[in-house]
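Chemist: Structure below; questions to follow.
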Amino acid sequence: MRLAVRGIPTVHAHQLRAGGPDANGQPALRRVAQGLANPCRHCLQLIPEGEQKLVLAYRPFEQAQPYAEVGPIFLHAGECPRYDADALPTWFAYLTPAVIRGYGHDDWIRYETGAVVSGDELTAACRTILANPEVAYVHIRSKFNCFQCRVERG
Ligand SMILES: [Zn+2]
């Protein structure tokens with residue numbers, strides 16, 4: 001099965017960089033990236049230490065509903081290209097442990113799909129979960145419940 005892996009919509013990144021409200025109705029905070037674990041959820045690349053990043057609350061769902069979790073994410077403060085590929089970024093192998101789960105076409109969690117896996121198991125886990133026709137897409141999160149990306153069938 002081919003995968004379709006994308007960063008958050010470019011229109012969201014533009015709105016947030018322009019000072020638009022995050023999922024809590026507040027403008028994104030601007031900070032200097034420290035350490036090596038500052039993934040941008042638009043380009044799905046790591047923000048180099050010392051560069052400006054945005055810190056904000058993100059809800060990776062179109063509509064608010066009971067399963068539409070909000071969590072903290074980072075974005076490059078400046079422009080970057082949206083990630084759009086048939087594979088996870090290679091650095092996801094170090095996203096250990098990772099939290100993965102599938103959502104139905106109604107955007108509700110499919111409970112049988114939830115798992116905590118090591119980063120190098122994520123691709124196989126995506127394929128296994130997406131083999132279930134009742135699953136519309138997968139979300140990958142960090143152990144801190146930070147949304148990483150959405151994965152669909154390619
Ligand atoms: Zn970026």
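Quick note on naming: the chains in the structure tokens go A, B, ... in the order shown, residues restart at 1 in each chain, and ligands are numbered from 1 in order of appearance.
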Pick out the residues no farther than 7 Å from ligand 1, counting only C-alpha atoms and all ligand atoms, and list them as a PyMOL selection string.

Modeler: chain A and resi 40-45+75-76+79-81

Chemist: Limited to C-alpha atoms, could you put the picked residues into a file as an mmCIF file, in the first residue's frame?

Modeler:
data_model
loop_
_atom_site.group_PDB
_atom_site.id
_atom_site.type_symbol
_atom_site.label_atom_id
_atom_site.label_comp_id
_atom_site.auth_asym_id
_atom_site.auth_seq_id
_atom_site.Cartn_x
_atom_site.Cartn_y
_atom_site.Cartn_z
ATOM 1 C CA CYS A 40 7.903 21.925 11.900
ATOM 2 C CA ARG A 41 4.466 20.445 11.138
ATOM 3 C CA HIS A 42 4.236 22.099 7.732
ATOM 4 C CA CYS A 43 7.472 20.910 6.070
ATOM 5 C CA LEU A 44 7.939 18.000 8.553
ATOM 6 C CA GLN A 45 11.607 18.888 8.872
ATOM 7 C CA LEU A 75 6.213 25.734 12.980
ATOM 8 C CA HIS A 76 9.055 27.420 11.141
ATOM 9 C CA GLU A 79 8.079 30.258 4.884
ATOM 10 C CA CYS A 80 8.732 26.586 4.165
ATOM 11 C CA PRO A 81 7.387 24.057 1.639
#

Chemist: Skip range 124-129 of chain A itself and residues of its chain fewer than 5 positions away, then list as a ChimeraX atom specification all residues within 10 Å of it, counting only C-alpha atoms.

Modeler: /A:1-3,88,100-103,110,112-119,134-140,151-153

Chemist: If you keep C-alpha atoms, can you produce a file of those selected residues as a JSON list (two decimals), in the first residue's frame?

Modeler:
[["chain", "number", "residue", "atom", "x", "y", "z"],
["A", 1, "MET", "CA", 0.00, 0.00, 0.00],
["A", 2, "ARG", "CA", 1.27, 3.44, -0.89],
["A", 3, "LEU", "CA", 1.06, 6.12, 1.77],
["A", 88, "LEU", "CA", 7.38, 9.36, 6.36],
["A", 100, "ILE", "CA", -0.42, 6.15, 16.39],
["A", 101, "ARG", "CA", -4.11, 5.72, 15.83],
["A", 102, "GLY", "CA", -6.65, 5.55, 13.08],
["A", 103, "TYR", "CA", -9.77, 7.68, 12.69],
["A", 110, "ARG", "CA", -11.12, 3.77, 15.96],
["A", 112, "GLU", "CA", -8.82, -0.96, 17.95],
["A", 113, "THR", "CA", -6.11, 0.94, 16.05],
["A", 114, "GLY", "CA", -4.39, 2.80, 18.89],
["A", 115, "ALA", "CA", -0.81, 1.80, 19.65],
["A", 116, "VAL", "CA", 2.47, 3.02, 21.03],
["A", 117, "VAL", "CA", 5.29, 1.93, 18.71],
["A", 118, "SER", "CA", 8.94, 2.68, 18.11],
["A", 119, "GLY", "CA", 9.70, 5.13, 15.34],
["A", 134, "GLU", "CA", -13.30, 1.67, 8.31],
["A", 135, "VAL", "CA", -10.22, 3.83, 8.88],
["A", 136, "ALA", "CA", -10.08, 7.08, 6.90],
["A", 137, "TYR", "CA", -6.66, 8.29, 8.05],
["A", 138, "VAL", "CA", -3.98, 7.92, 10.69],
["A", 139, "HIS", "CA", -2.51, 10.46, 13.07],
["A", 140, "ILE", "CA", 1.00, 10.16, 14.45],
["A", 151, "VAL", "CA", -1.19, 9.73, 6.89],
["A", 152, "GLU", "CA", -3.67, 8.55, 4.29],
["A", 153, "ARG", "CA", -3.75, 5.90, 1.59]]

Chemist: Using backbone DSSP assignments, extract all alpha helix (DSSP H) residues from chain A; output them as an MDAnalysis selection string.

Modeler: chainID A and resid 10:17 122:130

Chemist: Would you write out, as CSV, a table of all residues in range 56-104 of chain A that have an atom no more than 9 Å from an atom of range 21-34 of chain A, listing for each the closest atom pair and the distance in Å to one decimal, considering only C-alpha atoms and ordering rows by chain and rising residue number?

Modeler:
residue,atom,partner,partner_atom,distance
A:Leu56,CA,A:Ala28,CA,4.8
A:Ala57,CA,A:Ala23,CA,5.2
A:Tyr58,CA,A:Ala23,CA,5.2
A:Arg59,CA,A:Ala23,CA,5.8
A:Val70,CA,A:Ala23,CA,6.9
A:Gly71,CA,A:Ala23,CA,8.6
A:Ala77,CA,A:Arg30,CA,7.5

Chemist: Selection from above, all heavy atoms, as a JSON list (two decimals), in the first residue's frame, can you write it?

Modeler:
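Everything below was put into out21.json:
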[["chain", "number", "residue", "atom", "x", "y", "z"],
["A", 56, "LEU", "N", 2.42, 26.88, 19.26],
["A", 56, "LEU", "CA", 0.99, 27.16, 19.26],
["A", 56, "LEU", "C", 0.19, 25.89, 19.53],
["A", 56, "LEU", "O", 0.72, 24.78, 19.46],
["A", 56, "LEU", "CB", 0.58, 27.74, 17.89],
["A", 56, "LEU", "CG", 0.89, 26.81, 16.71],
["A", 56, "LEU", "CD1", -0.38, 26.37, 16.02],
["A", 56, "LEU", "CD2", 1.84, 27.50, 15.74],
["A", 57, "ALA", "N", -1.07, 26.09, 19.82],
["A", 57, "ALA", "CA", -2.00, 24.97, 20.01],
["A", 57, "ALA", "C", -2.66, 24.67, 18.67],
["A", 57, "ALA", "O", -3.16, 25.58, 18.00],
["A", 57, "ALA", "CB", -3.06, 25.33, 21.05],
["A", 58, "TYR", "N", -2.64, 23.39, 18.29],
["A", 58, "TYR", "CA", -3.19, 23.02, 16.98],
["A", 58, "TYR", "C", -4.23, 21.91, 17.13],
["A", 58, "TYR", "O", -4.03, 20.96, 17.89],
["A", 58, "TYR", "CB", -2.06, 22.55, 16.05],
["A", 58, "TYR", "CG", -2.49, 22.41, 14.62],
["A", 58, "TYR", "CD1", -2.76, 23.53, 13.83],
["A", 58, "TYR", "CD2", -2.66, 21.15, 14.04],
["A", 58, "TYR", "CE1", -3.16, 23.40, 12.51],
["A", 58, "TYR", "CE2", -3.06, 21.02, 12.73],
["A", 58, "TYR", "CZ", -3.31, 22.15, 11.96],
["A", 58, "TYR", "OH", -3.72, 22.02, 10.66],
["A", 59, "ARG", "N", -5.31, 22.06, 16.39],
["A", 59, "ARG", "CA", -6.35, 21.03, 16.34],
["A", 59, "ARG", "C", -6.40, 20.50, 14.92],
["A", 59, "ARG", "O", -6.90, 21.18, 14.03],
["A", 59, "ARG", "CB", -7.71, 21.64, 16.72],
["A", 59, "ARG", "CG", -8.81, 20.58, 16.89],
["A", 59, "ARG", "CD", -10.18, 21.22, 17.08],
["A", 59, "ARG", "NE", -10.61, 21.82, 15.83],
["A", 59, "ARG", "CZ", -11.36, 22.93, 15.74],
["A", 59, "ARG", "NH1", -11.76, 23.56, 16.80],
["A", 59, "ARG", "NH2", -11.72, 23.38, 14.56],
["A", 70, "VAL", "N", -6.61, 18.80, 20.83],
["A", 70, "VAL", "CA", -5.74, 19.95, 20.63],
["A", 70, "VAL", "C", -4.42, 19.66, 21.32],
["A", 70, "VAL", "O", -4.40, 19.09, 22.42],
["A", 70, "VAL", "CB", -6.37, 21.22, 21.22],
["A", 70, "VAL", "CG1", -5.38, 22.38, 21.21],
["A", 70, "VAL", "CG2", -7.63, 21.59, 20.44],
["A", 71, "GLY", "N", -3.32, 20.01, 20.68],
["A", 71, "GLY", "CA", -2.02, 19.83, 21.31],
["A", 71, "GLY", "C", -1.03, 20.85, 20.80],
["A", 71, "GLY", "O", -1.28, 21.56, 19.83],
["A", 77, "ALA", "N", 9.11, 29.79, 11.73],
["A", 77, "ALA", "CA", 8.55, 31.14, 11.76],
["A", 77, "ALA", "C", 8.46, 31.73, 10.36],
["A", 77, "ALA", "O", 7.59, 32.55, 10.08],
["A", 77, "ALA", "CB", 9.41, 32.04, 12.66]]

Chemist: Might you pull out every residue within 10 Å of Gly78 in chain A, with only C-alpha atoms counted and same-chain residues fewer than 2 positions away left off, and present them as a PyMOL selection string?

Modeler: chain A and resi 13-14+17+51-54+75-76+80

Chemist: What is the CA of Leu46 in chain A to CA of Tyr67 in chain A distance in Å?

Modeler: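 Computing it gives 27.6 Å between the two atoms.
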
Chemist: Would you please work out which residue, of A:Asp107, A:Pro48, A:Val5, A:Phe74, is nearest to Arg150 in chain A when using only C-alpha atoms?

Modeler: A:Val5

Chemist: If you measure from CA of Leu130 in chain A to CA of Phe144 in chain A, what distance in Å do you get, rounded to one decimal?

Modeler: 23.5 Å
